[in-house]
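Note: the block below is target-v5.tsv and it holds TSV, C-alpha atoms.
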```
chain	number	residue	atom	x	y	z
A	16	MET	CA	12.16	9.48	-21.09
A	17	ILE	CA	12.72	6.59	-18.77
A	18	ALA	CA	10.61	4.65	-16.28
A	19	LEU	CA	11.46	5.25	-12.60
A	20	PRO	CA	10.16	2.15	-10.83
A	21	THR	CA	11.08	3.15	-7.28
A	22	LEU	CA	9.44	6.54	-7.44
A	23	GLU	CA	6.52	5.09	-9.35
A	24	ARG	CA	5.72	2.78	-6.46
A	25	PHE	CA	5.12	5.79	-4.26
A	26	VAL	CA	3.20	7.74	-6.88
A	27	ARG	CA	0.78	4.81	-7.23
A	28	ARG	CA	0.50	4.56	-3.45
A	29	ALA	CA	-0.29	8.27	-3.27
A	30	GLU	CA	-3.00	7.86	-5.92
A	31	HIS	CA	-4.46	4.98	-3.96
A	32	ALA	CA	-4.35	6.98	-0.72
A	33	ARG	CA	-5.98	9.97	-2.45
A	34	ALA	CA	-8.77	7.76	-3.80
A	35	GLN	CA	-9.32	6.36	-0.33
A	36	ARG	CA	-9.32	9.81	1.26
A	37	ALA	CA	-11.85	11.04	-1.24
A	38	GLY	CA	-14.02	8.02	-0.57
A	39	THR	CA	-13.85	7.99	3.22
A	40	ASN	CA	-17.30	8.39	4.62
A	41	CYS	CA	-18.74	7.67	8.03
A	42	GLU	CA	-20.10	4.12	7.82
A	43	LEU	CA	-22.98	5.06	10.11
A	44	CYS	CA	-24.31	8.36	8.73
A	45	GLY	CA	-22.40	8.72	5.43
A	46	ALA	CA	-20.83	12.09	6.31
A	47	LYS	CA	-17.45	12.93	4.76
A	48	MET	CA	-14.63	12.54	7.24
A	49	SER	CA	-10.86	12.66	7.58
A	50	GLU	CA	-8.45	9.76	7.37
A	51	GLN	CA	-7.91	10.05	11.12
A	52	HIS	CA	-11.11	8.75	12.63
A	53	ARG	CA	-12.38	6.51	15.39
A	54	HIS	CA	-14.50	3.39	15.25
A	55	VAL	CA	-17.90	2.27	16.41
A	56	VAL	CA	-18.49	-1.42	16.96
A	57	ASP	CA	-21.53	-3.17	15.51
A	58	LYS	CA	-22.31	-5.55	18.37
A	59	THR	CA	-24.60	-7.75	16.29
A	60	ALA	CA	-22.26	-8.31	13.35
A	61	ARG	CA	-19.11	-8.05	15.54
A	62	ARG	CA	-17.72	-5.63	13.00
A	63	LEU	CA	-15.97	-2.27	13.24
A	64	LEU	CA	-17.37	0.76	11.45
A	65	CYS	CA	-15.39	3.90	10.61
A	66	ALA	CA	-17.23	6.73	12.33
A	67	CYS	CA	-17.35	10.54	12.10
A	68	THR	CA	-16.99	12.64	15.26
A	69	ALA	CA	-20.76	13.15	15.62
A	70	CYS	CA	-21.43	9.39	15.55
A	71	VAL	CA	-18.48	8.70	17.88
A	72	ILE	CA	-20.08	11.05	20.42
A	73	ALA	CA	-23.59	9.68	19.84
A	74	PHE	CA	-22.59	6.09	20.59
A	75	ASP	CA	-20.05	6.80	23.32
A	76	GLY	CA	-20.56	5.27	26.74
A	77	ASP	CA	-22.89	2.52	27.86
A	78	VAL	CA	-25.66	3.20	25.33
A	79	PRO	CA	-28.38	0.63	24.60
A	80	GLY	CA	-28.71	-0.74	21.08
A	81	ARG	CA	-26.57	-2.18	18.36
A	82	PHE	CA	-23.68	0.30	18.22
A	83	ARG	CA	-21.06	1.43	20.68
A	84	THR	CA	-18.02	3.67	20.33
A	85	VAL	CA	-14.61	2.02	20.80
A	86	PRO	CA	-12.68	3.90	23.48
A	87	ASP	CA	-9.82	6.21	22.69
A	88	ARG	CA	-6.46	4.63	21.89
A	89	ARG	CA	-4.68	5.89	24.98
A	90	ARG	CA	-6.53	3.37	27.12
A	91	VAL	CA	-4.09	0.50	27.46
A	92	LYS	CA	-3.54	-1.43	30.69
A	93	ARG	CA	-1.29	-4.36	31.43
A	94	ASP	CA	-2.99	-7.36	33.00
A	95	ALA	CA	-0.37	-8.81	35.34
A	96	SER	CA	-2.50	-11.85	36.14
A	97	ILE	CA	-1.97	-13.36	32.69
A	98	ASP	CA	0.44	-16.29	32.89
A	99	ALA	CA	1.00	-19.67	31.27
A	100	THR	CA	-1.75	-21.36	33.32
A	101	VAL	CA	-4.38	-18.90	32.09
A	102	LEU	CA	-3.23	-19.15	28.49
A	103	ASP	CA	-3.22	-22.96	28.70
A	104	ALA	CA	-6.82	-22.83	29.92
A	105	LEU	CA	-7.68	-20.50	27.02
A	106	ALA	CA	-5.92	-22.85	24.60
A	107	VAL	CA	-3.61	-20.10	23.30
A	108	PRO	CA	-0.70	-21.67	21.45
A	109	VAL	CA	2.60	-19.89	20.87
A	110	GLY	CA	1.82	-16.47	19.52
A	111	LEU	CA	-1.07	-14.15	19.98
A	112	ALA	CA	-4.82	-13.88	20.43
A	113	PHE	CA	-7.40	-11.48	21.79
A	114	PHE	CA	-10.59	-12.06	23.75
A	115	PHE	CA	-13.65	-9.90	24.26
A	116	ARG	CA	-17.07	-10.33	25.75
A	117	SER	CA	-19.80	-10.16	23.12
A	118	SER	CA	-23.04	-8.70	24.45
A	119	THR	CA	-24.97	-10.23	21.53
A	120	LEU	CA	-23.65	-13.77	22.08
A	121	ALA	CA	-23.59	-13.30	25.87
A	122	ARG	CA	-20.21	-15.00	25.98
A	123	TRP	CA	-16.52	-14.43	25.38
A	124	VAL	CA	-15.16	-14.60	21.86
A	125	ALA	CA	-11.57	-15.53	21.04
A	126	VAL	CA	-9.91	-14.09	17.92
A	127	PHE	CA	-6.69	-15.54	16.50
A	128	PRO	CA	-4.56	-14.27	13.61
A	129	SER	CA	-4.31	-16.50	10.56
A	130	VAL	CA	-3.42	-16.37	6.88
A	131	ALA	CA	-7.09	-15.58	6.25
A	132	GLY	CA	-7.13	-12.68	8.71
A	133	PRO	CA	-8.95	-12.59	12.07
A	134	THR	CA	-10.45	-15.98	12.96
A	135	GLU	CA	-13.06	-16.27	15.71
A	136	ALA	CA	-13.02	-19.35	17.90
A	137	GLU	CA	-15.39	-20.80	20.47
A	138	LEU	CA	-13.78	-21.96	23.66
A	139	PRO	CA	-15.28	-23.95	26.55
A	140	ASP	CA	-17.11	-22.01	29.27
A	141	GLU	CA	-14.70	-23.30	31.93
A	142	ALA	CA	-11.93	-21.40	30.18
A	143	TRP	CA	-13.78	-18.09	30.58
A	144	ALA	CA	-14.69	-18.89	34.15
A	145	ALA	CA	-11.01	-19.56	34.89
A	146	LEU	CA	-9.99	-16.31	33.23
A	147	GLU	CA	-12.56	-14.23	35.10
A	148	ALA	CA	-11.66	-15.93	38.40
A	149	ARG	CA	-8.05	-15.03	37.78
A	150	SER	CA	-8.17	-11.56	36.26
A	151	ALA	CA	-9.94	-8.59	37.81
A	152	LEU	CA	-9.38	-6.58	34.62
A	153	ALA	CA	-11.10	-9.32	32.58
A	154	ARG	CA	-14.06	-9.35	35.01
A	155	GLU	CA	-14.49	-5.60	34.61
A	156	LEU	CA	-13.83	-5.53	30.87
A	157	PRO	CA	-16.62	-3.61	29.09
A	158	SER	CA	-18.38	-5.80	26.49
A	159	ASP	CA	-17.71	-5.44	22.75
A	160	ILE	CA	-15.36	-2.44	22.82
A	161	GLU	CA	-12.28	-3.53	24.72
A	162	ALA	CA	-10.33	-6.75	24.55
A	163	LEU	CA	-7.72	-8.74	26.41
A	164	LEU	CA	-4.77	-9.06	24.04
A	165	VAL	CA	-2.41	-11.87	25.02
A	166	ARG	CA	0.93	-13.02	23.78
A	167	ARG	CA	3.09	-16.03	24.49
A	168	THR	CA	6.65	-16.00	23.16
A	169	ARG	CA	8.58	-19.11	22.14
A	170	ASP	CA	10.51	-19.05	25.39
A	171	GLY	CA	7.21	-19.28	27.28
A	172	LYS	CA	6.86	-15.67	28.49
A	173	CYS	CA	3.22	-14.57	28.75
A	174	ALA	CA	1.71	-11.11	28.81
A	175	GLY	CA	-1.79	-9.66	28.70
A	176	TYR	CA	-3.07	-6.17	27.93
A	177	ILE	CA	-6.44	-4.49	27.94
A	178	VAL	CA	-6.61	-2.74	24.57
A	179	PRO	CA	-9.39	-1.09	22.50
A	180	VAL	CA	-10.84	-3.72	20.21
A	181	ASP	CA	-10.15	-1.77	16.97
A	182	GLU	CA	-6.46	-1.78	17.79
A	183	CYS	CA	-6.56	-5.59	18.13
A	184	TYR	CA	-8.16	-5.96	14.71
A	185	GLU	CA	-5.63	-3.55	13.21
A	186	LEU	CA	-2.79	-5.61	14.69
A	187	ILE	CA	-4.22	-8.76	13.12
A	188	ALA	CA	-4.59	-7.00	9.77
A	189	LEU	CA	-0.95	-5.88	10.05
A	190	LEU	CA	0.13	-9.43	10.87
A	191	ARG	CA	-1.74	-10.79	7.91
A	192	ARG	CA	0.40	-8.68	5.60
A	193	HIS	CA	3.55	-10.19	7.14
A	194	TRP	CA	2.23	-13.72	7.63
A	195	ARG	CA	4.30	-16.56	6.12
A	196	GLY	CA	3.62	-20.28	6.49
A	197	ILE	CA	1.58	-21.84	9.26
A	198	ASP	CA	2.91	-20.01	12.32
A	199	GLY	CA	3.47	-16.62	10.67
A	200	GLY	CA	7.26	-16.86	10.34
A	201	ASP	CA	10.02	-14.52	11.55
A	202	ASP	CA	8.53	-11.42	9.97
A	203	ALA	CA	5.22	-11.82	11.83
A	204	ARG	CA	7.07	-12.54	15.09
A	205	ARG	CA	9.11	-9.37	14.65
A	206	VAL	CA	5.93	-7.34	14.12
A	207	ILE	CA	4.39	-8.83	17.27
A	208	ALA	CA	7.57	-8.09	19.28
A	209	GLU	CA	7.59	-4.45	18.15
A	210	VAL	CA	3.90	-3.96	18.86
A	211	PHE	CA	4.30	-5.30	22.39
A	212	VAL	CA	7.33	-3.14	23.10
A	213	HIS	CA	5.15	-0.20	22.10
A	214	LEU	CA	2.30	-1.43	24.35
A	215	ASP	CA	4.71	-1.68	27.29
A	216	GLU	CA	5.81	1.91	26.66
A	217	ARG	CA	2.20	3.06	26.71
A	218	CYS	CA	1.58	1.21	29.98
A	219	GLY	CA	4.51	3.09	31.47
A	220	GLY	CA	7.48	0.81	30.98
A	221	VAL	CA	8.11	-2.87	31.62
A	222	ALA	CA	6.88	-4.13	34.98
B	25	MET	CA	17.65	15.30	-24.23
B	26	THR	CA	20.83	13.47	-23.47
B	27	ASP	CA	21.64	9.89	-22.56
B	28	ALA	CA	23.65	11.22	-19.62
B	29	ASP	CA	20.40	12.60	-18.17
B	30	ASP	CA	18.76	9.21	-18.58
B	31	VAL	CA	21.61	7.44	-16.84
B	32	ARG	CA	21.73	9.96	-14.00
B	33	LEU	CA	17.98	9.74	-13.42
B	34	LEU	CA	17.99	5.95	-13.53
B	35	GLU	CA	20.92	5.86	-11.11
B	36	GLN	CA	19.08	8.17	-8.74
B	37	ASP	CA	16.02	5.91	-8.84
B	38	ARG	CA	18.21	2.91	-8.08
B	39	LEU	CA	20.00	4.72	-5.28
B	40	LEU	CA	16.58	5.50	-3.83
B	41	ALA	CA	15.65	1.82	-4.06
B	42	ARG	CA	18.82	0.87	-2.17
B	43	LEU	CA	18.27	3.51	0.51
B	44	LEU	CA	14.69	2.35	0.97
B	45	ALA	CA	15.76	-1.30	1.28
B	46	ASP	CA	18.32	-0.21	3.91
B	47	ALA	CA	15.71	1.80	5.79
B	48	GLU	CA	13.21	-1.07	5.66
B	49	ALA	CA	15.77	-3.50	7.08
B	50	ALA	CA	16.72	-1.04	9.81
B	51	CYS	CA	13.28	-0.03	11.02
B	52	GLY	CA	11.41	-3.35	10.91
B	53	PRO	CA	7.97	-4.26	9.62
B	54	ALA	CA	5.90	-2.37	12.22
B	55	ALA	CA	7.61	1.00	11.66
B	56	TRP	CA	8.14	0.56	7.91
B	57	PRO	CA	4.57	1.39	6.83
B	58	ARG	CA	4.99	4.78	8.55
B	59	VAL	CA	8.18	5.48	6.62
B	60	GLU	CA	6.41	4.49	3.39
B	61	ALA	CA	3.56	6.82	4.30
B	62	VAL	CA	6.04	9.70	4.76
B	63	VAL	CA	7.71	9.07	1.39
B	64	THR	CA	4.30	8.71	-0.27
B	65	GLY	CA	3.19	12.01	1.24
B	66	LEU	CA	6.34	13.78	-0.01
B	67	VAL	CA	6.02	12.31	-3.52
B	68	GLU	CA	2.37	13.35	-3.62
B	69	LEU	CA	3.22	16.89	-2.49
B	70	TYR	CA	5.86	17.29	-5.20
B	71	GLY	CA	3.50	15.80	-7.77
B	72	THR	CA	0.90	18.41	-6.85
B	73	GLY	CA	3.60	21.08	-7.19
B	74	LEU	CA	4.58	19.85	-10.66
B	75	GLU	CA	0.94	19.89	-11.73
B	76	ARG	CA	0.46	23.50	-10.57
B	77	ILE	CA	3.67	24.64	-12.28
B	78	LEU	CA	2.57	22.97	-15.51
B	79	VAL	CA	-0.86	24.60	-15.37
B	80	LEU	CA	0.68	28.04	-14.72
B	81	ALA	CA	3.33	27.63	-17.44
B	82	ARG	CA	0.78	26.55	-20.03
B	83	ALA	CA	-1.55	29.40	-19.11
B	84	ALA	CA	1.28	31.91	-19.51
B	85	ALA	CA	2.85	30.37	-22.63
B	86	LEU	CA	2.71	32.32	-25.88
B	87	ASP	CA	2.97	29.08	-27.81
B	88	ARG	CA	1.56	26.19	-25.83
B	89	ALA	CA	2.45	23.53	-28.39
B	90	ALA	CA	6.07	24.71	-28.39
B	91	LEU	CA	6.15	24.60	-24.59
B	92	ASP	CA	4.77	21.04	-24.61
B	93	GLU	CA	7.42	20.03	-27.16
B	94	ASP	CA	10.20	21.57	-25.04
B	95	ILE	CA	8.94	19.77	-21.97
B	96	ALA	CA	8.68	16.47	-23.86
B	97	ALA	CA	12.26	16.97	-25.11
B	98	ASP	CA	13.67	17.35	-21.59
B	99	ASP	CA	14.18	13.81	-20.33
B	100	VAL	CA	14.32	14.63	-16.65
B	101	VAL	CA	11.22	16.83	-16.66
B	102	ALA	CA	9.31	14.53	-19.01
B	103	SER	CA	10.12	11.40	-16.99
B	104	LEU	CA	8.94	13.00	-13.77
B	105	LEU	CA	5.79	14.42	-15.38
B	106	LEU	CA	5.02	11.03	-16.88
B	107	LEU	CA	5.34	9.45	-13.46
B	108	HIS	CA	2.59	11.75	-12.18
B	109	ASP	CA	0.44	11.27	-15.29
B	110	LEU	CA	1.13	14.88	-16.27
B	111	HIS	CA	3.03	14.41	-19.53
B	112	PRO	CA	1.80	17.10	-21.93
B	113	LEU	CA	1.66	14.72	-24.92
B	114	ALA	CA	-0.96	11.98	-25.03
B	115	LEU	CA	0.18	8.36	-25.26
B	116	GLU	CA	-0.99	8.02	-28.89
B	117	GLN	CA	0.90	11.18	-29.84
B	118	ARG	CA	4.06	9.81	-28.27
B	119	ILE	CA	3.69	6.46	-30.04
B	120	GLU	CA	3.29	8.28	-33.36
B	121	ARG	CA	6.49	10.20	-32.63
B	122	ALA	CA	8.27	6.92	-31.94
B	123	LEU	CA	7.03	5.48	-35.23
B	124	GLU	CA	8.33	8.55	-37.07
B	125	ARG	CA	11.70	7.95	-35.44
B	126	VAL	CA	11.66	4.33	-36.61
B	127	ARG	CA	10.94	5.51	-40.15
B	128	ASP	CA	13.93	7.86	-39.91
B	129	GLU	CA	16.21	5.16	-38.53
B	130	VAL	CA	15.08	2.40	-40.86
B	131	PRO	CA	14.13	4.30	-44.04
B	132	HIS	CA	13.59	1.19	-46.13
B	133	ALA	CA	11.09	-0.20	-43.65
B	134	SER	CA	7.46	-0.07	-44.55
B	135	ALA	CA	5.29	2.34	-42.58
B	136	LEU	CA	3.74	0.99	-39.43
B	137	SER	CA	0.42	2.23	-38.16
B	138	LEU	CA	-0.96	2.18	-34.68
B	139	VAL	CA	-3.85	-0.22	-34.14
B	140	GLY	CA	-4.29	0.40	-30.43
B	141	VAL	CA	-3.03	-0.17	-26.91
B	142	THR	CA	-4.40	-3.06	-24.85
B	143	ASP	CA	-3.19	-3.85	-21.32
B	144	GLY	CA	-0.02	-1.85	-21.86
B	145	VAL	CA	0.88	-3.59	-25.13
B	146	VAL	CA	0.96	-1.50	-28.34
B	147	LYS	CA	-0.43	-3.20	-31.42
B	148	LEU	CA	1.00	-2.07	-34.75
B	149	ARG	CA	0.21	-3.04	-38.33
B	150	ALA	CA	2.25	-2.76	-41.52
B	151	ALA	CA	0.76	-0.44	-44.12
B	152	GLN	CA	1.24	-3.07	-46.86
B	153	ALA	CA	1.10	-6.82	-46.55
B	154	ASN	CA	4.42	-8.70	-47.04
B	155	ALA	CA	6.27	-5.43	-46.59
B	156	GLN	CA	9.80	-5.31	-45.21
B	157	LEU	CA	9.44	-4.54	-41.49
B	158	PRO	CA	11.89	-3.09	-38.99
B	159	THR	CA	12.58	-5.64	-36.25
B	160	THR	CA	10.31	-5.61	-33.25
B	161	HIS	CA	13.36	-4.76	-31.14
B	162	VAL	CA	14.03	-1.54	-33.03
B	163	VAL	CA	10.39	-0.49	-32.75
B	164	ALA	CA	10.20	-1.41	-29.08
B	165	ARG	CA	13.31	0.66	-28.39
B	166	ALA	CA	11.85	3.70	-30.12
B	167	ILE	CA	8.51	3.36	-28.36
B	168	GLU	CA	10.18	2.84	-25.02
B	169	ARG	CA	11.98	6.12	-25.53
B	170	GLU	CA	8.67	7.98	-25.86
B	171	ALA	CA	6.41	5.83	-23.70
B	172	PRO	CA	8.32	3.93	-20.99
B	173	GLU	CA	5.07	3.21	-19.17
B	174	LEU	CA	4.10	0.64	-21.82
B	175	ALA	CA	4.72	-3.07	-21.26
B	176	GLY	CA	5.33	-4.27	-24.79
B	177	VAL	CA	5.04	-3.94	-28.55
B	178	GLN	CA	3.33	-6.30	-30.94
B	179	ILE	CA	3.66	-6.08	-34.71
B	180	ASP	CA	1.04	-7.95	-36.72
B	181	GLY	CA	1.10	-11.44	-35.21
B	182	ALA	CA	4.65	-11.41	-33.86
B	183	PRO	CA	5.23	-12.26	-30.18
B	184	PRO	CA	5.35	-9.14	-27.97
B	185	ALA	CA	8.74	-7.71	-27.14
B	186	ARG	CA	9.65	-6.41	-23.70
B	187	ALA	CA	7.55	-8.43	-21.32
B	188	ASP	CA	8.97	-6.61	-18.30
B	189	GLY	CA	9.30	-2.86	-18.10
B	190	LEU	CA	12.72	-2.55	-16.47
B	191	LEU	CA	15.42	-4.45	-18.29
B	192	PRO	CA	15.03	-2.85	-21.70
B	193	VAL	CA	15.77	0.59	-20.21
B	194	GLU	CA	19.32	-0.57	-19.57
B	195	ARG	CA	19.46	-2.03	-23.02
B	196	LEU	CA	18.21	1.24	-24.43
B	197	VAL	CA	20.76	3.31	-22.57
B	198	ARG	CA	23.63	0.96	-23.37
B	199	GLY	CA	22.48	0.64	-26.94
B	200	ALA	CA	22.34	4.39	-27.34
B	201	ARG	CA	25.84	4.84	-25.98
B	202	ALA	CA	27.42	2.00	-27.92
```

Same coordinates, now as structure tokens:
Amino acid sequence: MIALPTLERFVRRAEHARAQRAGTNCELCGAKMSEQHRHVVDKTARRLLCACTACVIAFDGDVPGRFRTVPDRRRVKRDASIDATVLDALAVPVGLAFFFRSSTLARWVAVFPSVAGPTEAELPDEAWAALEARSALARELPSDIEALLVRRTRDGKCAGYIVPVDECYELIALLRRHWRGIDGGDDARRVIAEVFVHLDERCGGVA
Amino acid sequence: MTDADDVRLLEQDRLLARLLADAEAACGPAAWPRVEAVVTGLVELYGTGLERILVLARAAALDRAALDEDIAADDVVASLLLLHDLHPLALEQRIERALERVRDEVPHASALSLVGVTDGVVKLRAAQANAQLPTTHVVARAIEREAPELAGVQIDGAPPARADGLLPVERLVRGARA
């Protein structure tokens, strides 16, 4: 008998996936659910919860209270008003960040990727005022569940998208796995580039 | 059980590693997790298939122990079953078999007995103090043959052999052919 390290890697991954599948429960009601599920946002803790279909329906729409369902993934819009001036006002350096309005804090929250994962930041009120004055999509953005995802490349190109908030957190989790050094490194930049190409496709091609 | 089977299987595993590295470089870090998920799904499916076949074969076998021995003696089948934690012989049984082999190979060596397995390292003890012992290398080679999932072998207080699980396989195969 011999060890087969390449195959073994995948066998262990499969075991891990199986354990996770077996242990996937709705974080709201505890019901068993499939790996493919949607999320409900906990507005107070600013945390995403994996939710079963019944809970997704129960918290869908503009419901009062602590929880609200994150909209379906197909909802992606490009915000053409995002340019260097806006990102300067929002203090976004080279790279990527997302912003959402928190109903609990009654203000906008900025989230940046970092080695430690998603990092929330407080920005001056003028910055939000400038963003809302500039972007109609930002003004209309529903609190807690959708976010403005922005990107600035090294050559200074800026882009903004309205994206479900769970997708933003997933992107930051993905980046964290590829993050090297202070600015993320080439690997992280490649991930960002691919994700944004995909976003453009979903918005119906590059403008 | 032939060394040619070992070599072929090891070469296939390495080819797979090369193909995966190629695929990873070609598809980039955002698409790569999806490819890994596909491969994982396929490996899991085949593992489930192996498990069902084993259950059916053992249920239908006239002599289950003989079937288990035949399976253990086929390197390709045994290696794949081991990978999926389906090997019909328990780890302790396989270590005992390896120790018997050592006794055959090094007849003047004193008997070694199994103390236990901790963190992938087998601990062995000589039956008599100050006895003439086979070298750790010989024992490690024999145990590797039966239990490649282990990380090392320790005899009495000697430093463990085989700190990493990959290199010695080559040594084993080369050694067996030489």

*Residues of chain A near chain B: apply a cut-off of 9 Å, count all atoms listed in the file, and supply the list as a ChimeraX atom specification.*
/A:16-30,32,189,193,202-203,205-207,209-210

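Between CA of Ala131 in chain A and CA of Arg33 in chain A lies a distance of 27.0 Å.
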
*If we count only C-alpha atoms, what is near Gly144 in chain B at a cut-off of 7 Å, once residues fewer than 3 positions away on the same chain are taken out, given as a list in words?*
Val141, Leu174, Ala175 and Gly176 of chain B

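Put simply, CA of Thr119 in chain A is 19.2 Å away from CA of Ala142 in chain A.
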
*Pick out the closest residue to His54 in chain A from this set: A:Tyr184, A:Phe211, A:Trp194, A:Trp123. Count only C-alpha atoms.*
A:Tyr184

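Distance-wise, CA of Ala66 in chain A and CA of Leu43 in chain A end up 6.4 Å apart.
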
*Quick one: everything within 8 Å of range 85-88 of chain A, counting only C-alpha atoms, minus sequence neighbours fewer than 3 positions away in the same chain. Send it as a ChimeraX atom specification.*
/A:53-56,75,91,160-161,178-182

Atoms kept (C-alpha atoms) for selection, written as a CSV table (one decimal), keeping the file's coordinate frame:
```csv
chain,number,residue,atom,x,y,z
A,53,ARG,CA,-12.4,6.5,15.4
A,54,HIS,CA,-14.5,3.4,15.2
A,55,VAL,CA,-17.9,2.3,16.4
A,56,VAL,CA,-18.5,-1.4,17.0
A,75,ASP,CA,-20.0,6.8,23.3
A,91,VAL,CA,-4.1,0.5,27.5
A,160,ILE,CA,-15.4,-2.4,22.8
A,161,GLU,CA,-12.3,-3.5,24.7
A,178,VAL,CA,-6.6,-2.7,24.6
A,179,PRO,CA,-9.4,-1.1,22.5
A,180,VAL,CA,-10.8,-3.7,20.2
A,181,ASP,CA,-10.2,-1.8,17.0
A,182,GLU,CA,-6.5,-1.8,17.8
```

*Can you find the residues with an atom no farther than 8 Å from (7.8, -20.9, 17.4), counting only C-alpha atoms, and report them as a PyMOL selection string?*
chain A and resi 109-110+168-169+198

_Every residue with an atom at most 10 Å from (14.1, -0.9, -32.5) (file coordinates; only C-alpha atoms) is what I'm after, so could you write them as a PyMOL selection string?_
chain B and resi 122-123+125-126+129-130+158-168+196

_Selection: 12 Å around Asp94 in chain A, only C-alpha atoms, excl. self and same-chain fewer than 2 positions, as a ChimeraX atom specification_ = /A:91-92,96-98,101,146-147,149-156,162-166,173-178,214-215,218,222
